$ cat structure16.cif   # mmCIF, C-alpha atoms and all ligand atoms
data_target
#
loop_
_atom_site.label_atom_id
_atom_site.label_comp_id
_atom_site.auth_asym_id
_atom_site.auth_seq_id
_atom_site.Cartn_x
_atom_site.Cartn_y
_atom_site.Cartn_z
CA MET A 163 99.35 7.14 18.09
CA LEU A 164 96.29 5.41 19.37
CA ASP A 165 96.69 2.58 21.79
CA ARG A 166 96.39 -0.84 20.10
CA SER A 167 93.64 -1.78 22.50
CA VAL A 168 91.47 0.93 20.96
CA PHE A 169 91.74 -0.73 17.56
CA GLU A 170 91.19 -4.16 19.03
CA ARG A 171 87.93 -2.97 20.54
CA LEU A 172 86.79 -1.37 17.28
CA VAL A 173 87.66 -4.48 15.29
CA GLY A 174 85.65 -6.46 17.83
CA LEU A 175 82.64 -4.22 17.17
CA ASP A 176 83.05 -4.86 13.45
CA ALA A 177 83.10 -8.60 14.03
CA ALA A 178 79.80 -8.34 15.90
CA ASP A 179 78.21 -5.96 13.39
CA PRO A 180 75.06 -7.44 11.80
CA LEU A 181 75.69 -5.28 8.71
CA GLN A 182 79.31 -6.37 8.20
CA ASP A 183 78.53 -8.35 5.04
CA ARG A 184 76.99 -5.36 3.29
CA ARG A 185 80.41 -3.83 2.76
CA HIS A 186 81.11 -6.42 0.07
CA LEU A 187 78.25 -5.06 -1.99
CA PHE A 188 80.32 -1.95 -2.75
CA HIS A 189 83.34 -1.13 -4.82
CA LEU A 190 85.67 0.40 -2.24
CA PRO A 191 88.95 1.78 -3.62
CA GLN A 192 92.14 0.23 -2.25
CA GLY A 193 93.99 2.16 0.42
CA ILE A 194 91.18 4.65 0.98
CA THR A 195 89.19 5.22 4.14
CA TYR A 196 86.10 6.81 2.70
CA LEU A 197 84.18 8.92 5.18
CA ASP A 198 82.24 11.02 2.73
CA GLY A 199 79.23 8.88 1.90
CA ASN A 200 77.08 11.80 2.99
CA SER A 201 78.42 13.79 0.03
CA LEU A 202 78.79 11.09 -2.62
CA GLY A 203 78.01 7.51 -1.72
CA CYS A 204 80.29 4.66 -2.81
CA LEU A 205 79.56 2.63 -5.92
CA PRO A 206 77.43 -0.47 -5.29
CA HIS A 207 78.23 -3.35 -7.64
CA SER A 208 74.49 -3.63 -8.21
CA ALA A 209 74.36 -0.02 -9.48
CA ARG A 210 77.05 -0.75 -12.04
CA ARG A 211 75.35 -3.96 -13.17
CA ARG A 212 71.99 -2.26 -13.49
CA ALA A 213 73.45 0.70 -15.38
CA ASP A 214 75.31 -1.71 -17.69
CA GLN A 215 72.07 -3.51 -18.36
CA ALA A 216 70.26 -0.25 -19.09
CA VAL A 217 72.98 0.80 -21.53
CA ALA A 218 73.84 -2.47 -23.25
CA LYS A 219 70.52 -4.28 -23.34
CA GLU A 220 67.76 -1.78 -22.85
CA TRP A 221 69.26 1.04 -24.89
CA GLY A 222 71.62 -0.89 -27.15
CA GLU A 223 69.27 -3.68 -28.12
CA GLY A 224 65.82 -2.56 -27.09
CA LEU A 225 66.10 1.02 -28.31
CA ILE A 226 62.78 2.82 -28.31
CA ARG A 227 60.90 -0.38 -27.56
CA SER A 228 62.36 -0.24 -24.04
CA TRP A 229 59.94 2.49 -22.98
CA LEU A 230 57.49 -0.36 -22.62
CA GLY A 231 59.64 -3.49 -22.85
CA ALA A 232 62.02 -2.39 -20.08
CA GLN A 233 59.36 -0.26 -18.39
CA TRP A 234 61.29 2.97 -18.67
CA LEU A 235 57.98 4.80 -18.60
CA THR A 236 57.24 3.84 -15.02
CA LEU A 237 60.85 3.96 -13.76
CA PRO A 238 60.61 7.32 -11.89
CA GLY A 239 57.68 6.03 -9.85
CA ARG A 240 59.11 2.57 -9.29
CA VAL A 241 62.40 3.95 -8.02
CA GLY A 242 60.41 6.45 -5.97
CA ASP A 243 58.44 3.67 -4.30
CA ARG A 244 61.66 1.87 -3.36
CA ILE A 245 62.96 5.05 -1.72
CA GLY A 246 59.60 5.31 0.02
CA ARG A 247 60.37 2.25 2.12
CA LEU A 248 63.40 4.08 3.53
CA ILE A 249 61.46 7.18 4.57
CA GLY A 250 58.12 5.73 5.61
CA ALA A 251 56.09 6.52 2.50
CA ALA A 252 53.47 4.16 1.10
CA VAL A 253 53.58 3.61 -2.66
CA GLY A 254 52.38 6.16 -5.18
CA GLN A 255 53.70 9.27 -3.45
CA ILE A 256 57.28 9.61 -4.70
CA VAL A 257 58.99 10.10 -8.05
CA ALA A 258 62.74 10.06 -8.59
CA THR A 259 63.55 12.94 -10.90
CA ASP A 260 65.50 16.17 -11.43
CA SER A 261 67.94 17.48 -8.80
CA THR A 262 67.07 18.31 -5.21
CA SER A 263 67.12 22.01 -6.08
CA ILE A 264 64.55 21.58 -8.84
CA THR A 265 62.33 19.23 -6.85
CA LEU A 266 62.31 21.82 -4.07
CA TYR A 267 61.33 24.48 -6.58
CA LYS A 268 58.44 22.32 -7.71
CA VAL A 269 57.04 21.35 -4.33
CA LEU A 270 57.49 24.82 -2.86
CA ASN A 271 55.41 26.31 -5.66
CA ALA A 272 52.83 23.57 -5.22
CA ALA A 273 52.66 24.20 -1.47
CA LEU A 274 52.35 27.96 -1.87
CA ASP A 275 49.54 27.49 -4.39
CA LEU A 276 47.66 25.60 -1.71
CA GLN A 277 48.06 28.57 0.66
CA PRO A 278 46.80 31.54 -1.36
CA LYS A 279 46.26 33.79 1.66
CA ARG A 280 49.69 33.38 3.22
CA LEU A 281 52.97 34.89 2.08
CA THR A 282 55.63 33.65 4.49
CA ILE A 283 58.08 30.80 3.99
CA LEU A 284 59.78 29.89 7.26
CA THR A 285 63.22 28.31 7.22
CA ASP A 286 66.42 27.79 9.16
CA GLN A 287 68.99 30.52 8.50
CA ASP A 288 71.66 27.81 8.32
CA ASN A 289 69.78 25.64 5.86
CA PHE A 290 71.81 24.21 2.96
CA PRO A 291 72.63 27.07 0.56
CA THR A 292 70.84 25.64 -2.48
CA ASP A 293 67.68 25.36 -0.40
CA LEU A 294 68.00 28.99 0.69
CA TYR A 295 68.61 30.11 -2.89
CA ILE A 296 65.56 28.25 -4.19
CA LEU A 297 63.36 29.59 -1.38
CA ASP A 298 64.52 33.14 -2.15
CA SER A 299 64.04 32.81 -5.87
CA VAL A 300 60.52 31.39 -5.51
CA ALA A 301 59.68 34.11 -2.99
CA GLN A 302 60.88 36.76 -5.43
CA GLN A 303 58.85 35.35 -8.28
CA ARG A 304 55.70 35.17 -6.17
CA ASN A 305 56.07 38.25 -4.01
CA CYS A 306 56.34 36.17 -0.89
CA ARG A 307 58.91 36.55 1.83
CA VAL A 308 61.34 34.14 3.44
CA ARG A 309 61.73 34.34 7.19
CA ARG A 310 65.12 32.88 8.12
CA VAL A 311 65.44 32.07 11.80
CA ARG A 312 67.85 30.26 14.09
CA GLN A 313 67.37 26.54 14.46
CA ASP A 314 66.35 26.86 18.11
CA ASP A 315 63.71 29.43 17.21
CA VAL A 316 61.99 27.59 14.37
CA ALA A 317 59.27 25.97 16.48
CA ALA A 318 58.39 29.20 18.23
CA GLU A 319 58.24 31.12 14.94
CA ILE A 320 55.56 28.92 13.43
CA ASP A 321 52.41 31.03 13.50
CA ASP A 322 49.32 31.58 11.39
CA THR A 323 51.11 33.89 8.98
CA VAL A 324 53.34 31.05 7.81
CA ALA A 325 52.37 29.37 4.54
CA VAL A 326 55.15 26.79 4.44
CA VAL A 327 57.79 25.55 6.85
CA ALA A 328 60.73 24.37 4.73
CA LEU A 329 63.50 22.61 6.64
CA THR A 330 66.30 20.14 6.14
CA HIS A 331 65.67 17.23 8.50
CA VAL A 332 69.37 16.53 9.25
CA ASP A 333 71.55 19.62 9.19
CA TYR A 334 74.30 19.34 6.59
CA LYS A 335 76.95 20.75 8.91
CA SER A 336 76.04 19.93 12.49
CA ALA A 337 74.00 16.77 11.74
CA ALA A 338 71.39 18.01 14.22
CA ILE A 339 68.03 16.36 13.56
CA TYR A 340 64.82 18.35 13.64
CA ASP A 341 61.83 16.95 15.46
CA MET A 342 59.87 16.02 12.34
CA PRO A 343 56.70 14.86 14.14
CA GLY A 344 56.65 17.85 16.51
CA ILE A 345 57.37 20.56 13.92
CA THR A 346 54.96 19.07 11.40
CA ALA A 347 52.18 18.88 13.99
CA LYS A 348 52.86 22.44 15.13
CA ALA A 349 52.73 23.68 11.52
CA HIS A 350 49.44 21.91 10.88
CA ALA A 351 47.93 23.28 14.08
CA VAL A 352 48.23 26.81 12.65
CA GLY A 353 47.34 25.86 9.08
CA ALA A 354 50.88 25.83 7.67
CA LEU A 355 52.29 23.15 5.35
CA THR A 356 55.67 21.44 5.62
CA ILE A 357 58.44 20.60 3.17
CA TRP A 358 61.23 18.40 4.52
CA ASP A 359 64.53 18.05 2.71
CA LEU A 360 65.76 14.52 3.43
CA ALA A 361 69.17 14.81 1.70
CA HIS A 362 71.09 13.65 4.78
CA THR A 363 68.30 11.39 6.02
CA ALA A 364 67.32 8.91 3.32
CA GLY A 365 69.41 5.78 3.58
CA ALA A 366 70.90 6.57 6.99
CA ILE A 367 68.26 7.85 9.40
CA PRO A 368 64.81 6.29 9.37
CA CYS A 369 61.88 8.66 9.31
CA ASP A 370 58.16 8.28 8.87
CA VAL A 371 56.79 10.86 6.46
CA ASP A 372 53.36 9.23 6.25
CA GLY A 373 53.14 8.72 9.99
CA CYS A 374 54.11 12.35 10.64
CA GLN A 375 51.61 13.54 8.03
CA VAL A 376 54.35 15.41 6.21
CA ASP A 377 52.95 17.36 3.26
CA PHE A 378 55.92 17.44 0.89
CA ALA A 379 59.48 16.16 0.96
CA VAL A 380 62.51 16.13 -1.30
CA GLY A 381 65.87 14.41 -1.09
CA CYS A 382 69.07 13.53 -2.79
CA GLY A 383 69.92 10.38 -4.75
CA TYR A 384 73.71 10.45 -4.58
CA LYS A 385 74.43 10.64 -0.84
CA TYR A 386 73.42 7.71 1.38
CA LEU A 387 71.33 6.31 -1.49
CA ASN A 388 74.55 5.76 -3.51
CA GLY A 389 72.94 6.56 -6.87
CA GLY A 390 76.12 8.10 -8.32
CA PRO A 391 77.22 11.63 -9.15
CA GLY A 392 74.24 13.74 -10.17
CA ALA A 393 71.80 10.89 -9.51
CA PRO A 394 68.15 11.86 -9.74
CA ALA A 395 66.68 13.38 -6.60
CA PHE A 396 63.26 12.40 -5.27
CA LEU A 397 60.12 14.23 -4.30
CA TYR A 398 57.23 13.17 -2.10
CA VAL A 399 53.73 14.57 -2.21
CA ALA A 400 51.29 13.17 0.34
CA LYS A 401 48.40 11.39 -1.32
CA ARG A 402 45.86 13.79 0.19
CA HIS A 403 47.43 16.74 -1.66
CA GLN A 404 48.01 15.10 -4.99
CA HIS A 405 44.70 16.05 -6.54
CA ALA A 406 44.93 19.75 -5.73
CA ALA A 407 48.72 20.18 -5.94
CA ARG A 408 50.20 21.58 -9.15
CA GLN A 409 53.83 22.08 -9.97
CA PRO A 410 54.96 24.93 -12.22
CA LEU A 411 57.14 23.11 -14.78
CA HIS A 412 54.48 21.65 -17.02
CA GLY A 413 56.04 19.13 -19.35
CA TRP A 414 54.83 16.21 -21.36
CA PHE A 415 55.92 13.55 -18.87
CA GLY A 416 53.65 15.14 -16.29
CA HIS A 417 50.74 15.05 -18.72
CA ARG A 418 47.81 12.71 -18.26
CA ALA A 419 48.50 11.18 -21.69
CA PRO A 420 51.92 12.22 -23.03
CA PHE A 421 51.53 10.24 -26.22
CA ASP A 422 48.28 11.91 -27.18
CA PHE A 423 50.43 14.94 -28.08
CA SER A 424 47.66 17.24 -27.01
CA PRO A 425 48.39 20.96 -27.48
CA SER A 426 47.17 21.77 -23.99
CA TYR A 427 48.44 20.58 -20.63
CA ASP A 428 46.29 18.30 -18.54
CA PRO A 429 48.15 17.03 -15.47
CA ALA A 430 48.44 13.32 -14.80
CA VAL A 431 46.42 11.85 -11.97
CA GLY A 432 48.68 11.20 -8.97
CA ILE A 433 52.36 11.76 -8.36
CA ALA A 434 53.30 11.54 -12.07
CA ARG A 435 52.12 15.14 -12.51
CA PHE A 436 55.31 16.17 -10.72
CA LEU A 437 57.42 14.99 -13.64
CA SER A 438 58.35 17.39 -16.41
CA GLY A 439 60.58 16.16 -19.24
CA THR A 440 61.99 12.80 -20.28
CA PRO A 441 63.49 10.92 -17.32
CA SER A 442 67.27 10.29 -17.21
CA VAL A 443 66.90 6.57 -17.78
CA VAL A 444 70.55 5.57 -17.38
CA ALA A 445 70.97 7.54 -14.15
CA LEU A 446 67.66 6.30 -12.82
CA SER A 447 68.69 2.73 -13.60
CA ALA A 448 71.93 3.17 -11.66
CA LEU A 449 69.95 4.52 -8.70
CA ASP A 450 67.50 1.63 -9.02
CA GLY A 451 70.39 -0.84 -8.87
CA ALA A 452 71.98 1.03 -5.98
CA LEU A 453 68.85 0.60 -3.89
CA ASP A 454 69.37 -3.19 -3.93
CA VAL A 455 71.91 -2.77 -1.12
CA PHE A 456 69.07 -1.82 1.23
CA GLU A 457 67.04 -4.93 0.49
CA GLY A 458 66.55 -6.95 3.63
CA VAL A 459 68.11 -4.30 5.88
CA GLU A 460 66.18 -3.29 8.95
CA LEU A 461 66.26 0.47 9.20
CA ALA A 462 66.56 0.26 12.96
CA THR A 463 69.76 -1.78 12.55
CA LEU A 464 71.14 0.81 10.16
CA ARG A 465 70.32 3.61 12.56
CA GLU A 466 71.79 1.81 15.54
CA LYS A 467 75.09 1.22 13.75
CA SER A 468 75.31 4.82 12.59
CA ARG A 469 74.54 6.06 16.10
CA ARG A 470 77.14 3.74 17.59
CA MET A 471 79.85 4.77 15.10
CA VAL A 472 79.30 8.42 15.93
CA SER A 473 79.44 7.61 19.67
CA GLU A 474 82.74 5.80 19.22
CA PHE A 475 84.06 8.76 17.30
CA LEU A 476 82.97 11.24 19.97
CA ALA A 477 84.63 9.29 22.77
CA LEU A 478 87.95 9.27 20.87
CA PHE A 479 87.52 12.88 19.80
CA ASP A 480 87.10 13.98 23.42
CA ALA A 481 90.05 11.91 24.54
CA HIS A 482 92.52 12.89 21.81
CA LEU A 483 91.51 15.80 19.60
CA VAL A 484 90.01 18.38 21.94
CA SER A 485 93.38 18.98 23.57
CA ARG A 486 94.87 19.61 20.10
CA GLY A 487 92.61 22.54 19.32
CA PHE A 488 89.70 20.78 17.64
CA VAL A 489 86.21 21.94 18.54
CA LEU A 490 83.15 19.79 18.01
CA ALA A 491 80.60 21.40 15.70
CA SER A 492 78.05 18.60 15.90
CA GLU A 493 75.07 17.70 17.97
CA ARG A 494 75.99 15.43 20.91
CA ASP A 495 72.62 14.03 21.91
CA PRO A 496 72.45 10.63 20.16
CA LYS A 497 68.72 10.96 19.58
CA ARG A 498 69.18 14.31 17.86
CA ARG A 499 72.19 13.66 15.66
CA GLY A 500 72.50 12.22 12.19
CA SER A 501 75.14 10.03 10.59
CA HIS A 502 77.96 12.52 10.13
CA ILE A 503 80.10 14.61 12.43
CA SER A 504 81.73 18.00 12.06
CA PHE A 505 84.49 19.67 13.97
CA SER A 506 86.40 22.84 13.44
CA HIS A 507 90.01 23.84 13.59
CA PRO A 508 91.58 27.13 12.43
CA GLN A 509 93.72 25.09 10.00
CA GLY A 510 90.79 22.90 8.98
CA TYR A 511 91.29 23.20 5.24
CA ARG A 512 94.98 22.29 5.37
CA ILE A 513 94.34 19.41 7.76
CA MET A 514 91.69 17.99 5.45
CA ARG A 515 94.10 18.16 2.51
CA ALA A 516 96.80 16.41 4.52
CA LEU A 517 94.31 13.70 5.53
CA ALA A 518 93.23 13.23 1.91
CA ASP A 519 96.85 12.67 0.92
CA ARG A 520 96.92 9.88 3.49
CA GLY A 521 93.83 8.30 1.96
CA ILE A 522 91.30 9.59 4.49
CA ILE A 523 88.47 11.22 2.59
CA GLY A 524 86.01 13.60 4.20
CA ASP A 525 85.08 17.10 3.25
CA PHE A 526 85.73 20.64 4.27
CA ARG A 527 82.97 23.17 4.79
CA ALA A 528 83.92 26.82 4.97
CA PRO A 529 85.11 28.57 7.00
CA ASP A 530 86.88 25.95 9.16
CA VAL A 531 84.78 22.78 9.44
CA LEU A 532 85.97 19.24 8.76
CA ARG A 533 83.07 16.89 8.11
CA PHE A 534 83.05 13.09 8.03
CA GLY A 535 80.14 10.82 7.25
CA PHE A 536 79.64 7.31 8.60
CA ALA A 537 77.72 5.27 6.08
CA PRO A 538 76.49 2.26 8.05
CA LEU A 539 76.37 -0.08 5.05
CA TYR A 540 80.06 0.11 4.24
CA ASN A 541 81.97 1.98 6.93
CA ARG A 542 83.57 -0.02 9.71
CA PHE A 543 84.11 0.85 13.34
CA ALA A 544 87.82 0.50 12.59
CA ASP A 545 87.48 3.45 10.18
CA VAL A 546 86.73 5.64 13.19
CA GLY A 547 90.07 4.69 14.71
CA THR A 548 91.87 5.22 11.40
CA LEU A 549 90.45 8.74 11.17
CA ILE A 550 91.45 9.69 14.70
CA GLU A 551 94.91 8.20 14.36
CA ALA A 552 95.58 9.87 11.00
CA THR A 553 94.46 13.23 12.39
CA LEU A 554 96.81 12.83 15.33
CA GLU A 555 99.67 11.98 12.99
CA VAL A 556 99.00 14.96 10.74
CA MET A 557 99.07 17.24 13.78
CA GLU A 558 102.17 15.69 15.30
CA ALA A 559 104.19 15.61 12.08
CA GLY A 560 102.92 19.06 11.09
CA THR A 561 102.31 17.94 7.49
CA TRP A 562 99.31 20.27 7.31
CA GLN A 563 101.80 23.14 7.01
CA ARG A 564 102.88 22.15 3.49
CA GLU A 565 102.76 25.06 1.13
CA GLU A 566 100.46 23.46 -1.46
CA TYR A 567 97.71 22.96 1.13
CA GLY A 568 97.38 26.72 1.42
CA VAL A 569 95.75 26.94 -2.01
CA ARG A 570 91.99 26.37 -2.00
CA GLN A 571 90.74 23.93 -4.63
CA ALA A 572 87.49 24.40 -6.54
CA VAL A 573 85.75 21.48 -4.80
CA THR A 574 86.21 21.10 -1.06
C1 LIG B 1 73.23 17.70 -0.99
C2 LIG B 1 72.06 18.58 -0.72
C3 LIG B 1 71.33 19.13 -1.78
C4 LIG B 1 71.76 18.87 -3.19
O1 LIG B 1 71.02 19.58 -4.13
P1 LIG B 1 71.13 19.18 -5.67
O2 LIG B 1 70.27 20.16 -6.34
O3 LIG B 1 70.62 17.78 -5.81
O4 LIG B 1 72.56 19.29 -6.06
C5 LIG B 1 70.22 19.90 -1.47
N1 LIG B 1 69.86 20.13 -0.18
C6 LIG B 1 70.55 19.61 0.86
C7 LIG B 1 70.10 19.85 2.24
C8 LIG B 1 71.68 18.84 0.62
O5 LIG B 1 72.37 18.35 1.63
#

$ encode --input "structure16.cif" --output "structure tokens" --more "lines below"
Ligand SMILES: *Cc1c(COP(=O)(O)O)cnc(C)c1O
Amino acid sequence: MLDRSVFERLVGLDAADPLQDRRHLFHLPQGITYLDGNSLGCLPHSARRRADQAVAKEWGEGLIRSWLGAQWLTLPGRVGDRIGRLIGAAVGQIVATDSTSITLYKVLNAALDLQPKRLTILTDQDNFPTDLYILDSVAQQRNCRVRRVRQDDVAAEIDDTVAVVALTHVDYKSAAIYDMPGITAKAHAVGALTIWDLAHTAGAIPCDVDGCQVDFAVGCGYKYLNGGPGAPAFLYVAKRHQHAARQPLHGWFGHRAPFDFSPSYDPAVGIARFLSGTPSVVALSALDGALDVFEGVELATLREKSRRMVSEFLALFDAHLVSRGFVLASERDPKRRGSHISFSHPQGYRIMRALADRGIIGDFRAPDVLRFGFAPLYNRFADVGTLIEATLEVMEAGTWQREEYGVRQAVT
């Protein structure tokens, strides 16, 4: 058990937290300590209201008139611009659309088209699997090659053979943050372009894609952006590339004039050319509503709370869990770590199942990593204590040994 004074201190931090009121903007299930907002964000009341409105009024009553009357036509760009505030992008450079995998497919092809003489895509060997799969499949289609290197070697491997450096800004396991300004500048110095995946960045860790002169970026709508399961992803194309950049999935919503029904494709001017088919209006509306929770929030405040929650976790982890066989699998340097933490244990999967049965939700990443996200808008400092205490109890009572926890479920 944790000493009561630990909880008293954490509760004191919550009382002084400038973001404490934001928690009420979310539906948070009773009896659950949710530490998985980096996998699927909680439901904001505003997302539900906005989705209800899109279904009942805009679809139900407005029907096809809502393309103009409810401005469905411009929704991907309007939602994109709202996300832009969170990642340092001026308006007109982002659309919310597709899934992260597909947006990566689009921008990678666009970037490679801009680099006709170069055939190498450089990435981190531990990048998120879907990113690796997409890079490989594009490389296969185009006779390019993917150079997968260790995180520490990425900077040194950027040379003038590299067409595109494609990285995930915050590592999905370790939460280590890449030096976006440094890597982007190094890439540009040798004529390479950059694609940043901001799946674990947007909504938790501020970044400045315009300021860093990032070329392309993609990211996820259902993690810290709380857009709901399968929410549209987003893609960013820097203004300076938009005229020359082409994406490979030509569809009518990326056409200059979709309702001319022209038999030949003529890409829209600007970011809209990165759309393909009809937008998922209901899902986009939910994401649009979800973004209300960020209104009026200073990103520096968000970052500071996330950083502080992870620090509190690490102090308790060192004091209580290391001696019980847990090994930290996360970055320690506060400047270089994101908003989640990972640690490993040989019985990691069973321990995670036992924690879930006690209402502590995180996720397990093979082979032995337990991962917990701290979403600064709705997690409390007290949640850190709850997690540590529940883990201690599971270890002491040995509940992780239950037979049913030995069977791997389809989603971990
Ligand atoms: C979550 C995540 C994705 C998700 O991809 P989808 O195609 O949207 O399912 C992609 N990349 C990274 C780095 C992620 O963390």

$ residues_around --input "structure16.cif" --residues "Ala552 (chain A)" --least-positions-apart "3" --cutoff "10 Å" --atoms "only C-alpha atoms" --output "list in words"
Met163, Leu164, Ala516, Leu517, Ala518, Arg520, Gly521, Ile522, Gly547, Thr548, Leu549, Glu555, Val556, Met557 and Glu558 of chain A

$ closest_residue --input "structure16.cif" --among "A:Phe290, A:Phe526, A:Phe436, A:Trp414" --to "ligand LIG 1 (chain B)" --atoms "all atoms listed in the file"
A:Phe290

$ closest_residue --input "structure16.cif" --among "A:Ala361, A:Leu205, A:Val569, A:Ala338" --to "Ser504 (chain A)" --atoms "all atoms listed in the file"
A:Ala338

$ axis_aligned_box --input "structure16.cif" --around "region 536-553 of chain A" --padding-each-side "6 Å" --output "JSON"
{"center_x": 86.0, "center_y": 6.6, "center_z": 9.5, "size_x": 31.2, "size_y": 25.3, "size_z": 22.5}

$ residues_near_ligand --input "structure16.cif" --ligand "ligand LIG 1 (chain B)" --cutoff "10 Å" --atoms "all atoms listed in the file" --output "MDAnalysis selection string"
chainID A and resid 200:202 259:267 289:294 296 329:335 358:363 380:385 391:396

$ write_last_selection --input "structure16.cif" --atoms "C-alpha atoms" --output "CSV table (one decimal), keeping the file's coordinate frame"
chain,number,residue,atom,x,y,z
A,200,ASN,CA,77.1,11.8,3.0
A,201,SER,CA,78.4,13.8,0.0
A,202,LEU,CA,78.8,11.1,-2.6
A,259,THR,CA,63.6,12.9,-10.9
A,260,ASP,CA,65.5,16.2,-11.4
A,261,SER,CA,67.9,17.5,-8.8
A,262,THR,CA,67.1,18.3,-5.2
A,263,SER,CA,67.1,22.0,-6.1
A,264,ILE,CA,64.6,21.6,-8.8
A,265,THR,CA,62.3,19.2,-6.8
A,266,LEU,CA,62.3,21.8,-4.1
A,267,TYR,CA,61.3,24.5,-6.6
A,289,ASN,CA,69.8,25.6,5.9
A,290,PHE,CA,71.8,24.2,3.0
A,291,PRO,CA,72.6,27.1,0.6
A,292,THR,CA,70.8,25.6,-2.5
A,293,ASP,CA,67.7,25.4,-0.4
A,294,LEU,CA,68.0,29.0,0.7
A,296,ILE,CA,65.6,28.2,-4.2
A,329,LEU,CA,63.5,22.6,6.6
A,330,THR,CA,66.3,20.1,6.1
A,331,HIS,CA,65.7,17.2,8.5
A,332,VAL,CA,69.4,16.5,9.2
A,333,ASP,CA,71.6,19.6,9.2
A,334,TYR,CA,74.3,19.3,6.6
A,335,LYS,CA,77.0,20.8,8.9
A,358,TRP,CA,61.2,18.4,4.5
A,359,ASP,CA,64.5,18.0,2.7
A,360,LEU,CA,65.8,14.5,3.4
A,361,ALA,CA,69.2,14.8,1.7
A,362,HIS,CA,71.1,13.6,4.8
A,363,THR,CA,68.3,11.4,6.0
A,380,VAL,CA,62.5,16.1,-1.3
A,381,GLY,CA,65.9,14.4,-1.1
A,382,CYS,CA,69.1,13.5,-2.8
A,383,GLY,CA,69.9,10.4,-4.8
A,384,TYR,CA,73.7,10.4,-4.6
A,385,LYS,CA,74.4,10.6,-0.8
A,391,PRO,CA,77.2,11.6,-9.2
A,392,GLY,CA,74.2,13.7,-10.2
A,393,ALA,CA,71.8,10.9,-9.5
A,394,PRO,CA,68.2,11.9,-9.7
A,395,ALA,CA,66.7,13.4,-6.6
A,396,PHE,CA,63.3,12.4,-5.3

$ closest_residue --input "structure16.cif" --among "A:Pro538, A:Pro420, A:Gly193, A:Gly174" --to "Asp519 (chain A)" --atoms "only C-alpha atoms"
A:Gly193

$ atom_distance --input "structure16.cif" --atom1 "CA of Gly242 (chain A)" --atom2 "CA of Gly413 (chain A)"
18.9 Å

$ residues_around --input "structure16.cif" --residues "Gly250 (chain A)" --least-positions-apart "5" --cutoff "9 Å" --atoms "all atoms listed in the file" --output "list in words"
Ile245, Pro368, Cys369, Asp370, Val371, Asp372 and Gly373 of chain A

$ closest_residue --input "structure16.cif" --among "A:Glu460, A:Glu223, A:Asp286, A:Asp495" --to "Val472 (chain A)" --atoms "all atoms listed in the file"
A:Asp495

$ residues_around --input "structure16.cif" --residues "Arg564 (chain A)" --least-positions-apart "2" --cutoff "12 Å" --atoms "all atoms listed in the file" --output "list of chain:residue names"
A:Gln509, A:Tyr511, A:Arg512, A:Ile513, A:Arg515, A:Ala516, A:Asp519, A:Val556, A:Ala559, A:Gly560, A:Thr561, A:Trp562, A:Glu566, A:Tyr567, A:Gly568, A:Val569

$ write_last_selection --input "structure16.cif" --atoms "C-alpha atoms" --output "tab-separated table (two decimals), in the coordinates of the input"
chain	number	residue	atom	x	y	z
A	509	GLN	CA	93.72	25.09	10.00
A	511	TYR	CA	91.29	23.20	5.24
A	512	ARG	CA	94.98	22.29	5.37
A	513	ILE	CA	94.34	19.41	7.76
A	515	ARG	CA	94.10	18.16	2.51
A	516	ALA	CA	96.80	16.41	4.52
A	519	ASP	CA	96.85	12.67	0.92
A	556	VAL	CA	99.00	14.96	10.74
A	559	ALA	CA	104.19	15.61	12.08
A	560	GLY	CA	102.92	19.06	11.09
A	561	THR	CA	102.31	17.94	7.49
A	562	TRP	CA	99.31	20.27	7.31
A	566	GLU	CA	100.46	23.46	-1.46
A	567	TYR	CA	97.71	22.96	1.13
A	568	GLY	CA	97.38	26.72	1.42
A	569	VAL	CA	95.75	26.94	-2.01

$ atom_distance --input "structure16.cif" --atom1 "CA of Pro206 (chain A)" --atom2 "CA of His189 (chain A)"
6.0 Å

$ closest_residue --input "structure16.cif" --among "A:Ser208, A:Thr282, A:Gln277, A:Ser167" --to "Asp454 (chain A)" --atoms "all atoms listed in the file"
A:Ser208

$ residues_around --input "structure16.cif" --residues "Leu437 (chain A)" --least-positions-apart "4" --cutoff "9 Å" --atoms "all atoms listed in the file" --output "PyMOL selection string"
chain A and resi 238+257-260+409+411-417+433+441

$ decode --input "structure16.cif" --residues "region 348-366 of chain A" --atoms "C-alpha atoms" --output "mmCIF file, in the first residue's frame"
data_model
loop_
_atom_site.group_PDB
_atom_site.id
_atom_site.type_symbol
_atom_site.label_atom_id
_atom_site.label_comp_id
_atom_site.auth_asym_id
_atom_site.auth_seq_id
_atom_site.Cartn_x
_atom_site.Cartn_y
_atom_site.Cartn_z
ATOM 1 C CA LYS A 348 19.468 18.392 -41.077
ATOM 2 C CA ALA A 349 17.231 16.792 -43.723
ATOM 3 C CA HIS A 350 16.810 20.075 -45.559
ATOM 4 C CA ALA A 351 20.537 20.755 -45.472
ATOM 5 C CA VAL A 352 21.099 17.676 -47.663
ATOM 6 C CA GLY A 353 18.007 18.173 -49.821
ATOM 7 C CA ALA A 354 15.782 15.589 -48.121
ATOM 8 C CA LEU A 355 12.123 16.121 -47.188
ATOM 9 C CA THR A 356 10.452 15.228 -43.892
ATOM 10 C CA ILE A 357 7.211 13.508 -42.933
ATOM 11 C CA TRP A 358 6.333 13.596 -39.238
ATOM 12 C CA ASP A 359 3.701 11.312 -37.768
ATOM 13 C CA LEU A 360 2.103 13.240 -34.896
ATOM 14 C CA ALA A 361 -0.170 10.436 -33.605
ATOM 15 C CA HIS A 362 1.137 10.710 -30.031
ATOM 16 C CA THR A 363 1.833 14.434 -30.266
ATOM 17 C CA ALA A 364 -1.307 16.299 -31.305
ATOM 18 C CA GLY A 365 -3.329 17.271 -28.270
ATOM 19 C CA ALA A 366 -0.634 16.473 -25.710
#
